[in-house]
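Structure data (CSV, C-alpha atoms) from work.csv:
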chain,number,residue,atom,x,y,z
A,12,ASP,CA,16.3,-1.7,11.1
A,13,THR,CA,13.3,-3.3,12.8
A,14,GLY,CA,10.8,-2.3,10.1
A,15,VAL,CA,7.5,-0.5,10.6
A,16,SER,CA,5.5,-1.6,13.5
A,17,GLN,CA,1.8,-1.1,14.3
A,18,ASP,CA,-0.2,-1.5,17.5
A,19,PRO,CA,-2.6,-3.1,18.1
A,20,ARG,CA,-2.8,-5.7,15.3
A,21,HIS,CA,-6.5,-6.3,15.9
A,22,LYS,CA,-9.2,-4.2,17.4
A,23,ILE,CA,-12.8,-5.0,18.0
A,24,THR,CA,-15.0,-2.2,19.2
A,25,LYS,CA,-18.7,-1.2,19.4
A,26,ARG,CA,-20.2,1.4,17.2
A,27,GLY,CA,-19.9,4.9,18.7
A,28,GLN,CA,-16.6,4.1,20.6
A,29,ASN,CA,-13.3,5.9,20.0
A,30,VAL,CA,-10.2,4.0,18.9
A,31,THR,CA,-6.6,4.9,18.6
A,32,PHE,CA,-3.9,3.2,16.6
A,33,ARG,CA,-0.1,3.6,16.8
A,34,CYS,CA,2.5,3.4,14.1
A,35,ASP,CA,6.3,3.3,14.7
A,36,PRO,CA,8.2,4.0,11.4
A,37,ILE,CA,11.7,3.0,10.4
A,38,SER,CA,13.8,5.3,12.5
A,39,GLU,CA,15.5,7.3,9.9
A,40,HIS,CA,12.4,7.8,7.7
A,41,ASN,CA,11.0,11.4,7.8
A,42,ARG,CA,7.8,10.5,5.9
A,43,LEU,CA,4.9,8.6,7.4
A,44,TYR,CA,1.7,7.6,5.5
A,45,TRP,CA,-1.6,6.2,6.6
A,46,TYR,CA,-3.7,4.0,4.2
A,47,ARG,CA,-7.0,2.1,4.6
A,48,GLN,CA,-7.7,-1.2,2.9
A,49,THR,CA,-11.0,-2.9,2.7
A,50,LEU,CA,-11.6,-6.5,1.6
A,51,GLY,CA,-10.9,-7.1,-2.1
A,52,GLN,CA,-9.5,-3.6,-2.6
A,53,GLY,CA,-6.1,-2.0,-2.8
A,54,PRO,CA,-5.0,0.4,0.0
A,55,GLU,CA,-6.3,4.0,-0.2
A,56,PHE,CA,-4.4,7.0,0.9
A,57,LEU,CA,-5.6,8.8,4.0
A,58,THR,CA,-2.9,11.2,5.1
A,59,TYR,CA,0.8,11.8,5.3
A,60,PHE,CA,3.4,13.5,7.5
A,61,GLN,CA,6.8,14.9,6.7
A,62,ASN,CA,8.5,15.0,10.1
A,63,GLU,CA,5.9,16.4,12.5
A,64,ALA,CA,3.9,18.3,9.8
A,65,GLN,CA,0.7,16.8,8.4
A,66,LEU,CA,0.9,17.9,4.8
A,67,GLU,CA,-2.0,16.3,3.1
A,68,LYS,CA,-5.3,14.7,4.0
A,69,SER,CA,-7.6,12.7,1.7
A,70,ARG,CA,-11.3,13.5,1.4
A,71,LEU,CA,-11.8,10.0,2.7
A,72,LEU,CA,-10.6,11.3,6.1
A,73,SER,CA,-13.8,12.6,7.7
A,74,ASP,CA,-13.9,14.9,10.7
A,75,ARG,CA,-14.1,11.9,12.9
A,76,PHE,CA,-10.5,10.9,12.0
A,77,SER,CA,-7.5,12.7,13.3
A,78,ALA,CA,-3.8,11.8,13.0
A,79,GLU,CA,-0.8,13.2,14.8
A,80,ARG,CA,3.0,12.8,14.7
A,81,PRO,CA,4.0,15.0,17.6
A,82,LYS,CA,7.8,14.6,17.6
A,83,GLY,CA,8.3,13.5,14.0
A,84,SER,CA,8.7,9.9,15.1
A,85,PHE,CA,5.7,7.7,15.9
A,86,SER,CA,2.2,8.6,14.8
A,87,THR,CA,-1.3,7.9,16.1
A,88,LEU,CA,-4.6,7.7,14.1
A,89,GLU,CA,-7.7,8.2,16.1
A,90,ILE,CA,-11.3,7.5,15.0
A,91,GLN,CA,-14.0,9.0,17.1
A,92,ARG,CA,-17.6,7.7,17.2
A,93,THR,CA,-16.8,4.7,15.1
A,94,GLU,CA,-19.2,3.4,12.5
A,95,GLN,CA,-19.5,0.0,10.9
A,96,GLY,CA,-18.2,1.4,7.7
A,97,ASP,CA,-14.9,2.2,9.4
A,98,SER,CA,-14.2,-1.6,9.6
A,99,ALA,CA,-11.0,-2.1,7.5
A,100,MET,CA,-7.3,-2.7,7.7
A,101,TYR,CA,-5.4,0.5,8.6
A,102,LEU,CA,-1.9,0.5,7.2
A,103,CYS,CA,1.0,2.6,8.1
A,104,ALA,CA,4.1,3.1,5.8
A,105,SER,CA,7.3,5.1,6.1
A,106,SER,CA,9.9,6.4,3.6
A,107,LEU,CA,12.6,8.8,3.1
A,108,ALA,CA,11.6,12.1,1.4
A,109,GLY,CA,11.8,12.4,-2.3
A,110,GLY,CA,10.0,11.2,-5.5
A,111,GLY,CA,10.2,7.5,-6.2
A,112,GLU,CA,11.3,6.5,-2.7
A,113,THR,CA,10.1,3.1,-1.5
A,114,GLN,CA,7.4,3.1,1.1
A,115,TYR,CA,7.8,0.3,3.7
A,116,PHE,CA,4.5,-0.9,5.2
A,117,GLY,CA,3.7,-2.2,8.6
A,118,PRO,CA,1.6,-5.3,9.3
A,119,GLY,CA,-1.6,-3.2,9.7
A,120,THR,CA,-4.3,-2.9,12.4
A,121,ARG,CA,-7.5,-4.7,11.5
A,122,LEU,CA,-10.5,-2.9,12.9
A,123,LEU,CA,-13.9,-4.4,13.3
A,124,VAL,CA,-16.8,-2.2,14.4
A,125,LEU,CA,-19.8,-4.1,15.7
B,9,GLY,CA,-6.9,12.1,-11.1
B,10,ASN,CA,-4.5,9.1,-10.8
B,11,SER,CA,-5.7,5.6,-11.2
B,12,VAL,CA,-4.4,2.1,-11.7
B,13,THR,CA,-6.2,-0.7,-13.4
B,14,GLN,CA,-5.2,-4.3,-12.9
B,15,MET,CA,-6.5,-7.4,-14.8
B,16,GLU,CA,-9.3,-9.3,-13.1
B,17,GLY,CA,-8.4,-12.2,-11.0
B,18,PRO,CA,-7.9,-14.7,-9.5
B,19,VAL,CA,-5.2,-16.4,-11.5
B,20,THR,CA,-4.4,-20.0,-11.0
B,21,LEU,CA,-1.3,-21.5,-12.7
B,22,SER,CA,0.7,-24.7,-12.5
B,23,GLU,CA,4.3,-24.6,-11.2
B,24,GLU,CA,6.8,-23.5,-13.8
B,25,ALA,CA,4.2,-21.8,-15.9
B,26,PHE,CA,4.8,-18.3,-17.4
B,27,LEU,CA,3.1,-15.4,-15.6
B,28,THR,CA,1.9,-12.1,-16.9
B,29,ILE,CA,-0.2,-9.7,-14.7
B,30,ASN,CA,-1.4,-6.7,-16.6
B,31,CYS,CA,-1.3,-3.2,-15.1
B,32,THR,CA,-2.2,0.1,-16.8
B,33,TYR,CA,-2.3,3.5,-15.3
B,34,THR,CA,-3.5,7.1,-15.7
B,35,ALA,CA,-1.5,9.8,-14.0
B,36,THR,CA,-0.7,13.5,-14.1
B,37,GLY,CA,3.0,14.2,-14.3
B,38,TYR,CA,5.7,11.5,-14.3
B,39,PRO,CA,4.8,8.8,-11.9
B,40,SER,CA,7.0,6.2,-10.3
B,41,LEU,CA,5.6,2.7,-10.7
B,42,PHE,CA,5.6,-0.2,-8.2
B,43,TRP,CA,4.6,-3.8,-7.7
B,44,TYR,CA,3.9,-4.8,-4.1
B,45,VAL,CA,3.2,-8.3,-2.9
B,46,GLN,CA,1.3,-9.6,0.1
B,47,TYR,CA,2.0,-13.2,1.0
B,48,PRO,CA,-0.6,-15.0,3.2
B,49,GLY,CA,-0.6,-13.7,6.7
B,50,GLU,CA,2.0,-11.0,6.0
B,51,GLY,CA,2.1,-7.3,5.3
B,52,LEU,CA,2.7,-5.5,2.0
B,53,GLN,CA,6.2,-5.6,0.7
B,54,LEU,CA,7.9,-4.0,-2.3
B,55,LEU,CA,8.5,-6.5,-5.1
B,56,LEU,CA,10.1,-4.1,-7.7
B,57,LYS,CA,9.8,-0.6,-8.9
B,58,ALA,CA,10.7,1.7,-11.8
B,59,THR,CA,11.0,5.5,-11.6
B,60,LYS,CA,11.2,6.6,-15.2
B,61,ALA,CA,10.1,5.5,-18.7
B,62,ASP,CA,11.8,2.4,-20.1
B,63,ASP,CA,13.3,1.4,-16.8
B,64,LYS,CA,13.0,-2.2,-15.9
B,65,GLY,CA,12.5,-3.3,-12.3
B,66,SER,CA,13.4,-6.8,-11.4
B,67,ASN,CA,13.5,-9.0,-8.2
B,68,LYS,CA,13.1,-12.7,-7.4
B,69,GLY,CA,12.7,-13.6,-11.1
B,70,PHE,CA,9.9,-11.1,-11.6
B,71,GLU,CA,10.3,-8.2,-14.1
B,72,ALA,CA,8.3,-5.2,-15.2
B,73,THR,CA,9.1,-2.5,-17.7
B,74,TYR,CA,7.8,1.1,-17.4
B,75,ARG,CA,6.1,1.7,-20.8
B,76,LYS,CA,5.1,5.4,-21.1
B,77,GLU,CA,3.7,5.0,-24.6
B,78,THR,CA,1.2,2.4,-23.5
B,79,THR,CA,1.0,3.6,-19.9
B,80,SER,CA,1.6,0.1,-18.7
B,81,PHE,CA,3.7,-1.8,-16.1
B,82,HIS,CA,3.0,-5.4,-16.7
B,83,LEU,CA,4.5,-8.0,-14.3
B,84,GLU,CA,6.1,-11.1,-15.7
B,85,LYS,CA,7.9,-14.2,-14.5
B,86,GLY,CA,9.2,-17.0,-16.6
B,87,SER,CA,8.6,-19.9,-14.2
B,88,VAL,CA,6.4,-19.5,-11.2
B,89,GLN,CA,6.7,-21.5,-8.0
B,90,VAL,CA,4.2,-22.5,-5.4
B,91,SER,CA,5.9,-20.0,-3.0
B,92,ASP,CA,4.8,-17.1,-5.4
B,93,SER,CA,1.2,-17.6,-4.4
B,94,ALA,CA,0.2,-14.2,-3.0
B,95,VAL,CA,-1.8,-11.1,-3.8
B,96,TYR,CA,0.0,-8.7,-6.2
B,97,PHE,CA,-0.7,-4.9,-6.2
B,98,CYS,CA,0.3,-2.4,-8.9
B,99,ALA,CA,0.8,1.1,-7.6
B,100,LEU,CA,1.9,4.5,-8.8
B,101,GLY,CA,3.3,7.5,-6.9
B,102,THR,CA,3.4,11.1,-8.2
B,103,GLY,CA,4.1,14.5,-6.9
B,104,ALA,CA,6.1,15.9,-4.0
B,105,ASN,CA,4.1,13.8,-1.5
B,106,SER,CA,4.6,10.5,-3.4
B,107,LYS,CA,1.4,9.1,-2.0
B,108,LEU,CA,0.6,5.8,-3.6
B,109,THR,CA,-2.4,5.0,-5.7
B,110,PHE,CA,-3.0,1.2,-5.8
B,111,GLY,CA,-4.9,-1.1,-8.1
B,112,LYS,CA,-7.4,-3.6,-6.7
B,113,GLY,CA,-4.8,-6.4,-6.5
B,114,ILE,CA,-4.9,-9.8,-8.0
B,115,THR,CA,-4.6,-13.2,-6.2
B,116,LEU,CA,-2.2,-15.7,-7.7
B,117,SER,CA,-2.4,-19.3,-6.8
B,118,VAL,CA,0.3,-21.7,-8.0
B,119,ARG,CA,-0.4,-25.4,-7.8
B,120,PRO,CA,2.3,-28.1,-7.7
In structure tokens, write the structure found in this file.
Amino acid sequence: DTGVSQDPRHKITKRGQNVTFRCDPISEHNRLYWYRQTLGQGPEFLTYFQNEAQLEKSRLLSDRFSAERPKGSFSTLEIQRTEQGDSAMYLCASSLAGGGETQYFGPGTRLLVL
Amino acid sequence: GNSVTQMEGPVTLSEEAFLTINCTYTATGYPSLFWYVQYPGEGLQLLLKATKADDKGSNKGFEATYRKETTSFHLEKGSVQVSDSAVYFCALGTGANSKLTFGKGITLSVRP
């Protein structure tokens, strides 16, 4: 068990550019979650997958955001036409299915939009 | 909707002091409750959890009891150490998707 990994760890981009982040969950976990965390706040839910199906998206997830988990393993989160307000830490977590299961978090990708 | 309220911080304590961090919640259904911790330069990691009323979660000397009647999940430790300095987040998970709703977090600094 190598834990949840995320790549890149840091990303600096200019406003209007597209960015893509990757998350590799713990191998036997069928659920994968994306959260966003801004300074001084707790993480906020963005979306989640069970296997390859995206089952819920938050209203925080505008049309510029898209997430995929094509084979039920790794996931990508893409932000198109980035805005300064997108600057945040993007966290990925994985878990087994079921109520009360622990979500294990990756180290996060810190995005700065200039 | 679901929400988690944590006491305002930051909190600064001397080593070996008693710690209480308050957490209350509002939720539909029967949530599971969690405390996550973020040490400097590291990612979020689970500290403890409780999945039903009156359960007590414990780990590394920390404890929290799921109190349905007061909708609370306060974190306690009898004697804090410098190594406990971190940001602590209270969270709840409900429903089939178990997505987490977090509080704002509180920074704990323990001085020698």
- [ ] Compile the contact shell of Phe81 of chain B as a PyMOL selection string: residues with an atom at most 12 Å away, counting only C-alpha atoms, same-chain residues fewer than 3 positions apart removed.
- [x] chain B and resi 12-15+28-34+39-43+56-66+71-78+84+97-100+111
Task: Distance query Thr93 of chain A at most 7 Å, all atoms listed in the file, self and fewer than 4 positions along chain excluded, as a list of chain:residue names - done: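 Counting only the stated atoms, we get A:Arg26, A:Gly27, A:Gln28, A:Asn29, A:Asp97, A:Val124.
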- [ ] Write down, as a ChimeraX atom specification, each residue of chain B that has any atom within 8 Å of an atom of chain A, counting all atoms listed in the file.
- [x] /B:39-40,50-54,59,97,101-113
- [ ] Measure the distance from atom CA of Asp74 of chain A to atom CA of Leu43 of chain A in Å and round it to one decimal.
- [x]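 So the two atoms, atom CA of Asp74 of chain A and atom CA of Leu43 of chain A, lie 20.1 Å apart.
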Open item on the list: For a test of reading the model, state the distance in Å between atom CA of Gly69 of chain B and atom CA of Ile37 of chain A, rounded to one decimal.
Closed with: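 Atom CA of Ile37 of chain A lies 27.2 Å from atom CA of Gly69 of chain B.
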Open item on the list: Between atom CA of Thr24 of chain A and atom CA of Cys103 of chain A, what distance in Å does the model show, to one decimal?
Closed with: 20.1 Å
Open item on the list: Excluding Leu123 of chain A and its own-chain neighbours fewer than 3 positions away, which residues fall within 7 Å of it when counting all atoms listed in the file? Please give them as number ranges by chain.
Closed with: A: 22-24, 98-99
Task: Thr120 of chain A environment, 8 Å, only C-alpha atoms, sequence neighbours closer than 2 positions dropped, as a VMD selection string - done: chain A and resid 17 to 22 32 100 to 102 118 122
Open item on the list: So that I can check the surroundings of Val118 of chain B, please list as an NGL selection string every protein, DNA and RNA residue that reaches within 6 Å of it, counting all atoms listed in the file and ignoring chain neighbours fewer than 4 positions away.
Closed with: :B and (20-23 or 90 or 93)
Given the block above, output segment 101-113 of chain A with N, CA, C and O atoms as a PDB file, in the first residue's frame.
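Written out: out04.pdb:
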ATOM      1  N   TYR A 101      -5.833  21.270  -4.424  1.00  0.00           N
ATOM      2  CA  TYR A 101      -6.783  20.271  -4.907  1.00  0.00           C
ATOM      3  C   TYR A 101      -6.377  18.915  -4.314  1.00  0.00           C
ATOM      4  O   TYR A 101      -5.272  18.425  -4.555  1.00  0.00           O
ATOM      5  N   LEU A 102      -7.292  18.346  -3.559  1.00  0.00           N
ATOM      6  CA  LEU A 102      -7.020  17.118  -2.818  1.00  0.00           C
ATOM      7  C   LEU A 102      -7.787  15.956  -3.418  1.00  0.00           C
ATOM      8  O   LEU A 102      -8.951  16.094  -3.794  1.00  0.00           O
ATOM      9  N   CYS A 103      -7.150  14.826  -3.448  1.00  0.00           N
ATOM     10  CA  CYS A 103      -7.774  13.592  -3.882  1.00  0.00           C
ATOM     11  C   CYS A 103      -7.802  12.645  -2.693  1.00  0.00           C
ATOM     12  O   CYS A 103      -6.861  12.626  -1.878  1.00  0.00           O
ATOM     13  N   ALA A 104      -8.854  11.872  -2.585  1.00  0.00           N
ATOM     14  CA  ALA A 104      -8.966  10.880  -1.517  1.00  0.00           C
ATOM     15  C   ALA A 104      -9.576   9.613  -2.091  1.00  0.00           C
ATOM     16  O   ALA A 104     -10.317   9.659  -3.082  1.00  0.00           O
ATOM     17  N   SER A 105      -9.285   8.481  -1.482  1.00  0.00           N
ATOM     18  CA  SER A 105      -9.895   7.234  -1.917  1.00  0.00           C
ATOM     19  C   SER A 105     -10.355   6.430  -0.717  1.00  0.00           C
ATOM     20  O   SER A 105      -9.869   6.625   0.409  1.00  0.00           O
ATOM     21  N   SER A 106     -11.311   5.547  -0.972  1.00  0.00           N
ATOM     22  CA  SER A 106     -11.841   4.713   0.105  1.00  0.00           C
ATOM     23  C   SER A 106     -12.491   3.468  -0.491  1.00  0.00           C
ATOM     24  O   SER A 106     -12.719   3.381  -1.704  1.00  0.00           O
ATOM     25  N   LEU A 107     -12.794   2.546   0.371  1.00  0.00           N
ATOM     26  CA  LEU A 107     -13.671   1.449  -0.006  1.00  0.00           C
ATOM     27  C   LEU A 107     -15.101   1.976  -0.015  1.00  0.00           C
ATOM     28  O   LEU A 107     -15.399   3.015   0.581  1.00  0.00           O
ATOM     29  N   ALA A 108     -15.994   1.277  -0.687  1.00  0.00           N
ATOM     30  CA  ALA A 108     -17.397   1.692  -0.702  1.00  0.00           C
ATOM     31  C   ALA A 108     -18.043   1.354   0.638  1.00  0.00           C
ATOM     32  O   ALA A 108     -17.644   0.409   1.306  1.00  0.00           O
ATOM     33  N   GLY A 109     -19.047   2.177   1.008  1.00  0.00           N
ATOM     34  CA  GLY A 109     -19.775   1.898   2.239  1.00  0.00           C
ATOM     35  C   GLY A 109     -19.772   3.084   3.169  1.00  0.00           C
ATOM     36  O   GLY A 109     -18.851   3.897   3.140  1.00  0.00           O
ATOM     37  N   GLY A 110     -20.824   3.187   3.960  1.00  0.00           N
ATOM     38  CA  GLY A 110     -20.925   4.289   4.911  1.00  0.00           C
ATOM     39  C   GLY A 110     -19.885   4.183   6.001  1.00  0.00           C
ATOM     40  O   GLY A 110     -19.595   3.085   6.488  1.00  0.00           O
ATOM     41  N   GLY A 111     -19.299   5.324   6.367  1.00  0.00           N
ATOM     42  CA  GLY A 111     -18.349   5.339   7.464  1.00  0.00           C
ATOM     43  C   GLY A 111     -16.946   4.902   7.113  1.00  0.00           C
ATOM     44  O   GLY A 111     -16.070   4.867   7.978  1.00  0.00           O
ATOM     45  N   GLU A 112     -16.718   4.552   5.848  1.00  0.00           N
ATOM     46  CA  GLU A 112     -15.377   4.133   5.467  1.00  0.00           C
ATOM     47  C   GLU A 112     -14.416   5.320   5.511  1.00  0.00           C
ATOM     48  O   GLU A 112     -14.773   6.432   5.145  1.00  0.00           O
ATOM     49  N   THR A 113     -13.209   5.073   5.927  1.00  0.00           N
ATOM     50  CA  THR A 113     -12.212   6.122   6.015  1.00  0.00           C
ATOM     51  C   THR A 113     -11.741   6.537   4.634  1.00  0.00           C
ATOM     52  O   THR A 113     -11.453   5.680   3.789  1.00  0.00           O
TER      53      THR A 113
END
